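Heads up, query_4.cif below (mmCIF, C-alpha atoms):
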```cif
data_final
#
loop_
_atom_site.label_atom_id
_atom_site.label_comp_id
_atom_site.auth_asym_id
_atom_site.auth_seq_id
_atom_site.Cartn_x
_atom_site.Cartn_y
_atom_site.Cartn_z
CA MET A 1 46.64 -13.14 5.99
CA SER A 2 48.25 -11.83 2.82
CA THR A 3 45.05 -12.54 0.92
CA LEU A 4 43.42 -9.70 2.79
CA LEU A 5 45.87 -7.16 1.35
CA PRO A 6 45.66 -5.87 -2.23
CA PRO A 7 48.74 -6.52 -4.44
CA PRO A 8 51.75 -4.26 -3.69
CA LYS A 9 51.41 -2.39 -6.99
CA GLU A 10 47.90 -1.38 -6.06
CA ILE A 11 49.05 -0.26 -2.62
CA ALA A 12 51.74 1.89 -4.25
CA MET A 13 49.16 3.48 -6.53
CA MET A 14 46.77 4.27 -3.70
CA PRO A 15 47.97 7.88 -3.09
CA VAL A 16 47.91 8.54 -6.83
CA ASP A 17 44.39 7.14 -7.11
CA TRP A 18 43.36 9.17 -4.08
CA VAL A 19 44.50 12.38 -5.79
CA GLU A 20 43.03 11.36 -9.14
CA GLU A 21 39.62 10.54 -7.65
CA ARG A 22 39.42 13.92 -5.92
CA SER A 23 41.00 16.25 -8.48
CA GLY A 24 41.32 14.52 -11.85
CA ALA A 25 44.93 15.75 -11.84
CA ILE A 26 46.36 12.51 -13.27
CA SER A 27 43.98 12.29 -16.21
CA PHE A 28 44.48 16.01 -16.83
CA GLY A 29 48.27 15.49 -16.87
CA LYS A 30 47.89 12.54 -19.25
CA PHE A 31 45.62 14.62 -21.49
CA MET A 32 48.23 17.40 -21.60
CA LEU A 33 51.20 15.12 -22.23
CA PHE A 34 49.70 12.55 -24.60
CA ARG A 35 47.89 14.89 -26.99
CA ASN A 36 47.86 13.93 -30.65
CA VAL A 37 50.19 16.02 -32.77
CA PRO A 38 50.87 15.91 -36.52
CA LYS A 39 53.29 13.18 -37.57
CA ASP A 40 55.64 15.58 -39.38
CA ILE A 41 56.52 17.98 -36.59
CA SER A 42 60.17 18.30 -35.60
CA TRP A 43 62.51 19.73 -32.96
CA LEU A 44 61.42 23.20 -34.09
CA GLN A 45 58.12 22.71 -32.28
CA THR A 46 59.96 22.15 -28.98
CA LEU A 47 61.14 25.78 -28.69
CA GLY A 48 58.03 26.69 -26.70
CA SER A 49 58.68 23.94 -24.15
CA ALA A 50 62.29 25.07 -23.97
CA LEU A 51 61.05 28.59 -23.17
CA ILE A 52 58.85 27.32 -20.34
CA THR A 53 61.86 25.42 -18.99
CA VAL A 54 64.01 28.57 -19.06
CA PHE A 55 61.19 30.57 -17.46
CA ILE A 56 61.03 28.07 -14.59
CA LEU A 57 64.84 28.22 -14.33
CA GLN A 58 64.77 32.04 -14.20
CA ALA A 59 61.99 32.02 -11.61
CA THR A 60 63.85 29.52 -9.43
CA THR A 61 67.26 31.21 -9.60
CA GLY A 62 65.56 34.60 -9.19
CA ILE A 63 63.87 33.48 -5.98
CA LEU A 64 67.25 32.22 -4.74
CA LEU A 65 69.00 35.51 -5.59
CA ALA A 66 66.26 37.45 -3.79
CA MET A 67 67.25 35.66 -0.58
CA TYR A 68 70.53 37.62 -0.46
CA TYR A 69 70.10 40.62 -2.76
CA GLN A 70 69.17 43.97 -1.18
CA PRO A 71 67.65 46.54 -3.57
CA ASN A 72 69.20 49.59 -1.96
CA PRO A 73 71.69 51.90 -3.70
CA ASP A 74 74.17 51.43 -0.85
CA THR A 75 73.93 47.63 -0.75
CA ALA A 76 72.74 46.39 -4.16
CA TRP A 77 76.17 46.14 -5.77
CA MET A 78 77.83 44.82 -2.61
CA THR A 79 75.28 42.05 -2.09
CA ILE A 80 75.74 40.95 -5.69
CA GLN A 81 79.51 40.87 -5.17
CA TRP A 82 78.92 38.78 -2.07
CA ILE A 83 76.59 36.39 -3.96
CA THR A 84 79.17 36.02 -6.75
CA ASN A 85 82.32 35.68 -4.68
CA GLU A 86 81.38 34.48 -1.20
CA ALA A 87 78.06 32.62 -1.15
CA THR A 88 78.18 28.86 -1.69
CA LEU A 89 77.53 28.21 -5.39
CA GLY A 90 76.48 31.86 -5.67
CA TRP A 91 78.55 32.27 -8.84
CA LEU A 92 76.57 29.40 -10.36
CA VAL A 93 73.11 30.64 -9.37
CA ARG A 94 73.84 34.19 -10.51
CA GLY A 95 75.47 32.88 -13.68
CA MET A 96 72.43 30.74 -14.48
CA HIS A 97 70.14 33.74 -13.99
CA LYS A 98 72.34 36.06 -16.06
CA TRP A 99 72.92 33.69 -18.98
CA GLY A 100 69.41 32.27 -18.70
CA SER A 101 68.03 35.73 -19.43
CA SER A 102 69.94 35.90 -22.71
CA VAL A 103 68.95 32.32 -23.56
CA MET A 104 65.30 33.21 -22.98
CA VAL A 105 65.44 36.18 -25.35
CA VAL A 106 67.22 34.12 -28.02
CA LEU A 107 64.73 31.23 -27.71
CA LEU A 108 61.87 33.72 -27.80
CA PHE A 109 63.03 35.10 -31.14
CA LEU A 110 63.52 31.57 -32.54
CA HIS A 111 60.10 30.45 -31.28
CA MET A 112 58.44 33.56 -32.74
CA GLY A 113 60.36 33.15 -36.02
CA ARG A 114 59.28 29.50 -36.30
CA THR A 115 55.64 30.45 -35.67
CA PHE A 116 55.82 33.23 -38.24
CA LEU A 117 57.59 31.27 -40.98
CA PHE A 118 55.28 28.26 -40.52
CA GLY A 119 52.22 30.51 -40.69
CA ALA A 120 51.15 29.04 -37.37
CA TYR A 121 49.76 32.42 -36.25
CA LYS A 122 46.89 32.20 -38.78
CA TYR A 123 43.24 31.36 -38.10
CA PRO A 124 42.26 30.03 -35.59
CA ARG A 125 45.49 30.63 -33.65
CA GLU A 126 45.57 34.46 -33.67
CA MET A 127 45.00 34.65 -29.92
CA THR A 128 47.90 32.32 -29.29
CA TRP A 129 50.07 34.73 -31.30
CA ILE A 130 48.70 37.78 -29.48
CA THR A 131 49.28 36.31 -26.01
CA GLY A 132 52.77 35.31 -27.16
CA ALA A 133 53.43 38.85 -28.42
CA ILE A 134 52.45 40.28 -25.02
CA ILE A 135 54.75 37.77 -23.32
CA PHE A 136 57.53 38.98 -25.66
CA ILE A 137 57.00 42.61 -24.60
CA LEU A 138 56.96 41.61 -20.92
CA VAL A 139 60.19 39.61 -21.33
CA MET A 140 61.78 42.74 -22.84
CA GLY A 141 60.57 44.52 -19.71
CA MET A 142 62.21 41.83 -17.58
CA SER A 143 65.52 42.34 -19.40
CA PHE A 144 65.30 46.11 -18.95
CA THR A 145 64.38 46.08 -15.25
CA GLY A 146 66.82 43.27 -14.41
CA TYR A 147 69.72 45.17 -15.97
CA LEU A 148 69.56 47.98 -13.38
CA LEU A 149 69.56 45.65 -10.37
CA VAL A 150 73.30 44.93 -10.64
CA PHE A 151 73.75 48.65 -9.97
CA ASP A 152 77.21 49.08 -11.41
CA GLU A 153 78.20 51.92 -13.77
CA ARG A 154 77.02 50.05 -16.85
CA ALA A 155 73.64 49.26 -15.29
CA TYR A 156 73.20 52.89 -14.20
CA TRP A 157 74.05 54.49 -17.54
CA ALA A 158 72.26 51.86 -19.63
CA THR A 159 69.11 52.48 -17.59
CA ILE A 160 69.43 56.27 -18.03
CA VAL A 161 69.67 55.78 -21.80
CA GLY A 162 66.83 53.23 -21.78
CA VAL A 163 64.49 55.42 -19.74
CA ASN A 164 65.27 58.42 -21.95
CA ILE A 165 64.48 56.34 -25.04
CA ASN A 166 61.04 55.74 -23.48
CA GLY A 167 60.88 59.50 -22.98
CA THR A 168 61.23 60.20 -26.71
CA ALA A 169 57.65 59.00 -27.28
CA PRO A 170 55.51 62.10 -27.84
CA ILE A 171 52.89 63.29 -25.30
CA LEU A 172 53.14 60.41 -22.80
CA GLY A 173 56.87 59.71 -23.17
CA PRO A 174 58.16 62.16 -20.52
CA ALA A 175 55.45 61.04 -18.05
CA LEU A 176 56.44 57.41 -18.65
CA SER A 177 60.05 58.27 -17.84
CA TYR A 178 58.97 59.97 -14.61
CA ILE A 179 56.87 56.92 -13.65
CA LEU A 180 59.78 54.54 -14.35
CA MET A 181 62.33 56.60 -12.42
CA VAL A 182 59.86 57.79 -9.75
CA GLY A 183 60.81 61.39 -10.52
CA PRO A 184 62.98 63.25 -13.01
CA GLU A 185 66.20 61.39 -12.18
CA ILE A 186 67.35 57.95 -11.06
CA GLY A 187 67.21 57.67 -7.26
CA THR A 188 66.63 55.18 -4.47
CA HIS A 189 63.01 54.68 -5.50
CA THR A 190 64.03 53.79 -9.05
CA LEU A 191 65.93 50.75 -7.84
CA SER A 192 63.16 49.44 -5.58
CA ARG A 193 60.53 50.11 -8.27
CA PHE A 194 62.55 48.19 -10.85
CA TYR A 195 63.05 45.40 -8.31
CA SER A 196 59.30 45.16 -7.64
CA LEU A 197 58.54 45.15 -11.37
CA HIS A 198 61.28 42.61 -12.04
CA MET A 199 60.44 40.08 -9.34
CA LEU A 200 56.68 40.53 -8.74
CA VAL A 201 54.73 42.39 -11.41
CA LEU A 202 56.27 41.14 -14.65
CA PRO A 203 56.92 37.48 -13.69
CA SER A 204 53.36 36.95 -12.44
CA ALA A 205 51.99 38.57 -15.59
CA ILE A 206 54.23 36.35 -17.74
CA GLY A 207 53.22 33.27 -15.74
CA GLY A 208 49.52 34.00 -16.20
CA LEU A 209 49.95 34.65 -19.90
CA ILE A 210 51.96 31.43 -20.35
CA PHE A 211 48.99 29.60 -18.78
CA LEU A 212 46.58 31.24 -21.26
CA HIS A 213 49.02 30.59 -24.13
CA MET A 214 49.19 26.89 -23.15
CA LEU A 215 45.39 26.57 -22.81
CA LEU A 216 45.09 27.85 -26.39
CA VAL A 217 47.85 25.54 -27.65
CA VAL A 218 46.12 22.52 -26.09
CA ARG A 219 42.70 23.58 -27.32
CA LEU A 220 43.76 24.33 -30.90
CA GLY A 221 46.48 21.71 -31.40
CA VAL A 222 49.79 22.00 -33.21
CA THR A 223 50.07 22.95 -36.91
CA SER A 224 51.85 20.87 -39.51
CA PRO A 225 54.75 22.59 -41.25
CA PRO A 226 53.84 24.41 -44.49
CA TRP A 227 55.56 21.72 -46.59
CA SER A 228 53.48 18.98 -44.99
CA ARG A 229 52.31 16.24 -47.38
CA MET A 230 49.90 14.79 -44.86
CA GLU A 231 46.26 14.54 -45.87
CA PRO A 232 44.27 16.98 -43.77
CA THR A 233 41.85 15.14 -41.54
CA GLU A 234 38.36 16.40 -40.86
CA GLY A 235 38.34 19.47 -38.66
CA ASP A 236 41.92 20.43 -39.50
CA VAL A 237 42.57 24.07 -40.17
CA MET B 1 2.98 31.28 -10.63
CA ALA B 2 -0.43 29.81 -10.08
CA LYS B 3 -0.76 31.55 -6.77
CA ASN B 4 -0.11 34.91 -8.40
CA THR B 5 -2.57 34.58 -11.26
CA ASP B 6 -5.58 34.64 -8.99
CA LYS B 7 -4.24 37.77 -7.35
CA ALA B 8 -4.35 40.07 -10.31
CA GLY B 9 -2.94 43.52 -9.73
CA ALA B 10 0.22 45.57 -9.59
CA SER B 11 1.50 43.91 -6.43
CA SER B 12 2.59 40.72 -8.27
CA TYR B 13 5.08 42.72 -10.40
CA GLY B 14 7.05 43.26 -7.23
CA ASP B 15 7.38 39.52 -6.58
CA PRO B 16 10.77 38.46 -7.95
CA ALA B 17 9.56 34.87 -8.43
CA ASP B 18 6.84 36.03 -10.80
CA PRO B 19 7.91 35.85 -14.47
CA ARG B 20 6.21 39.23 -14.98
CA ALA B 21 8.36 40.79 -12.27
CA ILE B 22 10.17 44.04 -13.24
CA ILE B 23 13.48 42.34 -12.48
CA SER B 24 13.97 38.62 -11.87
CA ARG B 25 15.83 37.32 -8.83
CA SER B 26 18.77 36.01 -10.86
CA LYS B 27 19.13 39.23 -12.88
CA PHE B 28 19.05 41.27 -9.68
CA LEU B 29 21.71 39.06 -8.05
CA THR B 30 23.90 39.16 -11.17
CA GLY B 31 23.64 42.92 -11.29
CA ALA B 32 24.34 43.26 -7.59
CA THR B 33 27.40 40.99 -7.81
CA VAL B 34 28.84 42.81 -10.82
CA GLY B 35 28.06 46.21 -9.30
CA LEU B 36 29.56 45.42 -5.91
CA GLY B 37 32.55 43.76 -7.54
CA GLY B 38 33.09 46.87 -9.63
CA LEU B 39 32.91 49.10 -6.56
CA ILE B 40 35.44 46.91 -4.74
CA GLY B 41 37.65 47.01 -7.84
CA VAL B 42 37.56 50.83 -7.91
CA ALA B 43 38.21 50.98 -4.17
CA ILE B 44 41.38 48.95 -4.72
CA ALA B 45 42.42 50.62 -7.99
CA VAL B 46 42.35 54.20 -6.65
CA PRO B 47 45.06 53.68 -3.99
CA VAL B 48 47.04 51.42 -6.35
CA VAL B 49 47.19 54.04 -9.10
CA GLY B 50 47.77 56.89 -6.67
CA PHE B 51 50.53 55.05 -4.83
CA VAL B 52 52.32 54.15 -8.07
CA LEU B 53 51.97 57.53 -9.80
CA GLY B 54 51.92 60.05 -6.94
CA PRO B 55 55.59 59.97 -5.88
CA ALA B 56 56.68 59.99 -9.54
CA PHE B 57 55.21 63.46 -10.08
CA ALA B 58 55.85 64.92 -6.64
CA THR B 59 57.86 68.13 -6.43
CA GLU B 60 61.50 67.29 -5.84
CA ASP B 61 63.65 68.61 -3.05
CA TRP B 62 66.47 70.70 -4.44
CA TYR B 63 69.42 71.98 -2.53
CA TRP B 64 71.71 74.91 -3.14
CA ALA B 65 75.11 73.25 -3.42
CA SER B 66 78.08 75.35 -2.36
CA PHE B 67 80.79 75.73 -5.01
CA GLY B 68 83.13 77.65 -2.71
CA PRO B 69 84.33 81.24 -3.04
CA ALA B 70 83.02 83.04 -6.13
CA ASP B 71 86.48 84.58 -6.70
CA ASN B 72 88.03 81.12 -7.07
CA LYS B 73 90.85 81.47 -9.61
CA ASP B 74 89.95 78.06 -11.11
CA PHE B 75 86.82 79.61 -12.63
CA LYS B 76 88.33 81.34 -15.63
CA GLU B 77 86.89 83.38 -18.45
CA GLY B 78 86.85 81.66 -21.83
CA THR B 79 87.12 78.10 -20.54
CA TYR B 80 85.21 75.65 -18.36
CA GLU B 81 86.18 74.13 -15.04
CA PRO B 82 84.42 70.84 -14.12
CA VAL B 83 82.98 70.74 -10.59
CA VAL B 84 81.78 67.49 -9.03
CA PHE B 85 79.11 68.13 -6.41
CA GLU B 86 76.21 66.44 -4.65
CA ARG B 87 72.84 67.95 -5.36
CA GLY B 88 71.02 66.10 -2.56
CA LYS B 89 71.45 63.70 0.32
CA LEU B 90 71.60 60.37 -1.54
CA GLY B 91 75.41 60.35 -1.67
CA GLU B 92 76.88 58.85 -4.82
CA LEU B 93 73.46 58.78 -6.53
CA ASP B 94 73.18 62.55 -6.22
CA ARG B 95 76.64 63.22 -7.61
CA ARG B 96 76.50 65.63 -10.56
CA VAL B 97 79.02 67.43 -12.72
CA ALA B 98 78.76 71.11 -13.66
CA TYR B 99 81.03 73.01 -16.04
CA VAL B 100 81.67 76.50 -14.68
CA ARG B 101 82.87 79.45 -16.78
CA ARG B 102 83.43 82.93 -15.42
CA ASP B 103 81.69 85.75 -17.28
CA GLY B 104 82.37 88.47 -14.72
CA ALA B 105 83.11 89.03 -11.00
CA GLU B 106 79.86 87.38 -9.96
CA GLU B 107 78.63 86.27 -13.38
CA PHE B 108 78.94 82.66 -14.47
CA THR B 109 77.82 80.22 -17.16
CA ILE B 110 77.19 76.87 -15.47
CA ILE B 111 76.46 74.03 -17.87
CA SER B 112 75.15 70.58 -16.91
CA ASN B 113 77.14 67.66 -18.31
CA VAL B 114 73.98 65.65 -19.18
CA CYS B 115 73.76 65.06 -22.93
CA MET B 116 70.43 66.18 -24.40
CA HIS B 117 70.22 63.09 -26.61
CA LEU B 118 69.72 60.31 -24.04
CA GLY B 119 71.41 61.53 -20.88
CA CYS B 120 75.01 60.31 -21.05
CA PRO B 121 77.71 62.53 -19.51
CA VAL B 122 79.40 64.97 -21.90
CA GLN B 123 82.98 66.14 -21.53
CA PHE B 124 84.53 69.51 -22.30
CA LYS B 125 87.34 69.27 -24.86
CA SER B 126 88.82 72.83 -24.95
CA THR B 127 86.66 73.95 -27.90
CA ASN B 128 83.55 71.82 -27.59
CA PHE B 129 81.45 69.48 -25.45
CA ALA B 130 81.41 65.89 -26.71
CA CYS B 131 79.26 62.90 -25.72
CA PRO B 132 80.85 59.42 -25.85
CA CYS B 133 77.61 57.45 -26.24
CA HIS B 134 76.18 58.44 -29.62
CA GLY B 135 78.48 61.20 -30.81
CA GLY B 136 76.58 64.34 -29.82
CA GLN B 137 78.71 67.52 -30.21
CA TYR B 138 78.13 70.97 -28.72
CA ASP B 139 80.00 74.27 -29.06
CA THR B 140 81.35 76.24 -26.08
CA GLU B 141 77.88 77.69 -25.40
CA GLY B 142 76.35 74.22 -25.35
CA ILE B 143 74.60 74.59 -28.72
CA VAL B 144 74.36 71.36 -30.74
CA THR B 145 76.82 71.31 -33.64
CA ALA B 146 76.54 67.65 -34.65
CA GLY B 147 74.86 64.39 -33.76
CA PRO B 148 71.46 63.47 -32.35
CA PRO B 149 70.87 65.84 -29.36
CA VAL B 150 67.60 67.76 -29.68
CA ARG B 151 68.48 70.96 -27.81
CA PRO B 152 71.38 72.83 -26.14
CA LEU B 153 72.84 71.58 -22.86
CA ASN B 154 70.93 72.35 -19.64
CA ARG B 155 72.18 75.21 -17.47
CA PHE B 156 72.15 75.49 -13.69
CA GLU B 157 70.64 78.40 -11.81
CA TYR B 158 73.14 79.98 -9.41
CA LYS B 159 73.46 82.71 -6.84
CA VAL B 160 76.36 84.44 -5.09
CA GLU B 161 75.84 85.09 -1.38
CA ASP B 162 78.56 86.56 0.88
CA GLY B 163 81.14 85.78 -1.78
CA THR B 164 80.14 82.11 -2.05
CA LEU B 165 78.81 80.57 -5.26
CA TYR B 166 75.73 78.37 -4.83
CA VAL B 167 74.34 76.18 -7.61
CA GLY B 168 70.69 75.06 -7.74
CA ARG B 169 68.47 73.32 -10.26
CA PRO B 170 69.27 72.63 -13.92
CA PHE B 171 66.90 74.18 -16.47
CA ALA B 172 66.25 73.44 -20.12
CA THR B 173 67.71 75.89 -22.61
CA GLN B 174 66.67 76.93 -26.07
CA ASP B 175 68.72 77.90 -29.09
CA VAL B 176 67.28 81.25 -30.22
CA ASP B 177 69.16 82.48 -33.33
CA GLY B 178 72.46 81.05 -32.12
CA LYS B 179 72.05 82.38 -28.56
CA VAL B 180 71.29 80.13 -25.60
CA VAL B 181 68.21 81.19 -23.63
CA MET B 182 67.48 79.54 -20.27
CA THR B 183 63.85 78.49 -19.82
CA ASP B 184 62.12 78.18 -16.44
CA THR B 185 61.34 74.45 -16.74
CA PHE B 186 63.29 71.26 -16.32
CA LYS B 187 62.99 68.88 -19.23
CA LEU B 188 64.34 65.37 -19.70
CA PRO B 189 67.02 64.61 -22.28
CA GLY B 190 65.50 63.86 -25.68
CA ALA B 191 62.57 66.24 -25.14
CA PRO B 192 62.68 69.26 -27.46
CA VAL B 193 62.00 72.77 -26.14
CA GLY B 194 59.86 75.35 -27.98
CA GLY B 195 57.72 75.12 -31.08
CA LEU B 196 55.41 72.28 -32.00
CA LEU B 197 57.89 69.60 -30.87
CA GLY B 198 58.23 71.24 -27.46
CA TRP B 199 54.46 71.11 -27.13
CA LEU B 200 54.51 67.39 -27.99
CA TYR B 201 56.86 66.74 -25.05
CA PRO B 202 55.16 68.31 -22.04
CA SER B 203 57.06 68.54 -18.78
CA PRO B 204 55.26 66.11 -16.41
CA ALA B 205 55.96 67.91 -13.12
#
```
Show this structure as structure tokens.
Amino acid sequence: MSTLLPPPKEIAMMPVDWVEERSGAISFGKFMLFRNVPKDISWLQTLGSALITVFILQATTGILLAMYYQPNPDTAWMTIQWITNEATLGWLVRGMHKWGSSVMVVLLFLHMGRTFLFGAYKYPREMTWITGAIIFILVMGMSFTGYLLVFDERAYWATIVGVNINGTAPILGPALSYILMVGPEIGTHTLSRFYSLHMLVLPSAIGGLIFLHMLLVVRLGVTSPPWSRMEPTEGDV
Amino acid sequence: MAKNTDKAGASSYGDPADPRAIISRSKFLTGATVGLGGLIGVAIAVPVVGFVLGPAFATEDWYWASFGPADNKDFKEGTYEPVVFERGKLGELDRRVAYVRRDGAEEFTIISNVCMHLGCPVQFKSTNFACPCHGGQYDTEGIVTAGPPVRPLNRFEYKVEDGTLYVGRPFATQDVDGKVVMTDTFKLPGAPVGGLLGWLYPSPA
């Protein structure tokens, strides 16, 4: 009777094979994870992966915080106090989101510095650099919009100063300030607009750009460091 | 194709399967898809842009806030009295501070405490207004004496009705030969008033 059944290992692999046959997801995953990279790369080339990890962390903790946070001037600060002091593990989730944001900015600068100093932005990787630069600007936007959501005195005044710095750009500056604040001064709409930007607009834009950034990285491969003694192989640039 | 060659004449140019057709089937379908897609895109973009921008440039509701009796002894000549008031119905968010100085029985100078550098609150220190954020300094008229602010402090419009002082909107002011002149527009902190620089920072609403 047992001869009629395939070996257990094959049975265990059946769902995986089912998915692979219909989507190619397994071979795609293997292609992504087992790409050839130069022999002389180091931990410095892992900063990008670290950034994706922090982005996923920020997205996850952000979704969790959104379950309790209410972006209303009367409730915003109180709900954050409740998350921090009352909710189970709320202090941890909020702490991860708060410190994760700083970690992301620090890693972003290191990642960008590594790319710059290694000359990894040069032909043919200019588009990887450009998509990365846009991600950088959007992450700055995340930091700016997230700062207001706490809605304490520091958040309020820092946002006033930040918006007015935007306003010092000639011609379009004042209009930009009005668009950010939804009017000439910070009000109820400012908070909900910043919340929408912070949790919907900017993260989805960053996510999409990370996808493009990764497509380019996979397509173009990783550069050797400038001090590399490896013989260039055919097709290397 | 063969069936069209024996039927010479203009009619075959209208057959999309004919290679001599004015527009081929695939080109027509491509054009139609791109065109319709574009129309749908515009139909979505118009409300999106309007919904995002419209409320930002809408005319704001302003209220005349009561400052109490105009003969209040706290409003003295030669010095400023801070008044905390609410300029709208948003509670704490609408809380503002005005510095009131008496110039006559029903004449006042009412200065907004918003610094004209980047919008921090200034404080009156017996002989000057000072901003804690980036060191902006103003004299008793609100004219910049030191630091980064680009223009004198805003002033509030006011009226006295039945002996009660009411305060309205803040307006941008201009330093004209050492004298503060109130303009009829509101401008954000950091935006200069008058001259070429004033023209470079138009008031959006």
*For the structure shown, which residues end up in the PyMOL selection byres ((chain B and resi 79) around 8)? Put them as a PyMOL selection string, please?*
chain B and resi 76-78+80-81+101-102+126
*Taking all atoms listed in the file into account, which of B:Pro132, B:Phe156, B:Gly68, B:Lys73 comes nearest Ile110 of chain B?*
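That would be B:Phe156, the residue with the smallest distance to Ile110 of chain B.
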*segment 47-55 of chain A: which residues within 8 Å, counting all atoms listed in the file, same-chain residues fewer than 5 positions away excluded, as an NGL selection string?*
:A and (100 or 103-104 or 107-108 or 110-111)
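Considering the residues B:Val84, B:Val181, B:Ile143, B:Ala191 and counting all atoms listed in the file, chain A has its shortest atom-to-atom contact with B:Ala191.
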*Which residue gives the smallest distance to chain A among B:Gly168, B:Gly104, B:Pro19, B:Gly190, with all atoms listed in the file counted?*
B:Gly190
*Which of B:Asp162, B:Met116, B:Phe129, B:Ala43 sits closest to Pro192 of chain B [using only C-alpha atoms]*: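 Answer, going by the shortest atom-to-atom distance: B:Met116.
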_Could you tell me how far atom CA of Ala175 of chain A sits from atom CA of Thr59 of chain B, in Å to one decimal place?_
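One can read the atom CA of Thr59 of chain B to atom CA of Ala175 of chain A distance as 13.8 Å.
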Could you give me, as CSV, a per-residue list for chain A showing, wherever an atom lies at most 10 Å from an atom of chain B, the closest pair of atoms and their distance in Å to one decimal, using only C-alpha atoms and sorting by chain then residue number from low to high?
```
residue,atom,partner,partner_atom,distance
A:Pro73,CA,B:Leu93,CA,7.6
A:Asp74,CA,B:Glu92,CA,8.8
A:Tyr156,CA,B:Leu93,CA,9.7
A:Trp157,CA,B:Cys120,CA,6.9
A:Ala158,CA,B:Cys120,CA,9.0
A:Thr159,CA,B:Gly119,CA,9.9
A:Ile160,CA,B:Gly119,CA,6.3
A:Val161,CA,B:Leu118,CA,5.1
A:Gly162,CA,B:Leu118,CA,8.0
A:Val163,CA,B:Leu118,CA,8.4
A:Asn164,CA,B:Leu118,CA,5.3
A:Ile165,CA,B:Leu118,CA,6.6
A:Asn166,CA,B:Gly190,CA,9.5
A:Gly167,CA,B:Gly190,CA,6.9
A:Thr168,CA,B:Gly190,CA,5.7
A:Ala169,CA,B:Tyr201,CA,8.1
A:Pro170,CA,B:Leu200,CA,5.4
A:Ile171,CA,B:Leu200,CA,5.2
A:Leu172,CA,B:Tyr201,CA,7.7
A:Gly173,CA,B:Tyr201,CA,7.3
A:Pro174,CA,B:Pro204,CA,6.4
A:Ala175,CA,B:Pro204,CA,5.3
A:Leu176,CA,B:Pro204,CA,9.1
A:Ser177,CA,B:Leu188,CA,8.5
A:Tyr178,CA,B:Ala56,CA,5.6
A:Ile179,CA,B:Ala56,CA,5.1
A:Leu180,CA,B:Ala56,CA,7.9
A:Met181,CA,B:Ala56,CA,7.2
A:Val182,CA,B:Ala56,CA,3.9
A:Gly183,CA,B:Ala56,CA,4.5
A:Pro184,CA,B:Leu188,CA,7.1
A:Glu185,CA,B:Leu188,CA,8.7
A:Ile186,CA,B:Leu93,CA,7.7
A:Gly187,CA,B:Leu93,CA,6.4
A:Thr188,CA,B:Leu90,CA,7.8
A:His189,CA,B:Pro55,CA,9.1
A:Thr190,CA,B:Ala56,CA,9.6
A:Arg193,CA,B:Val52,CA,9.2
```
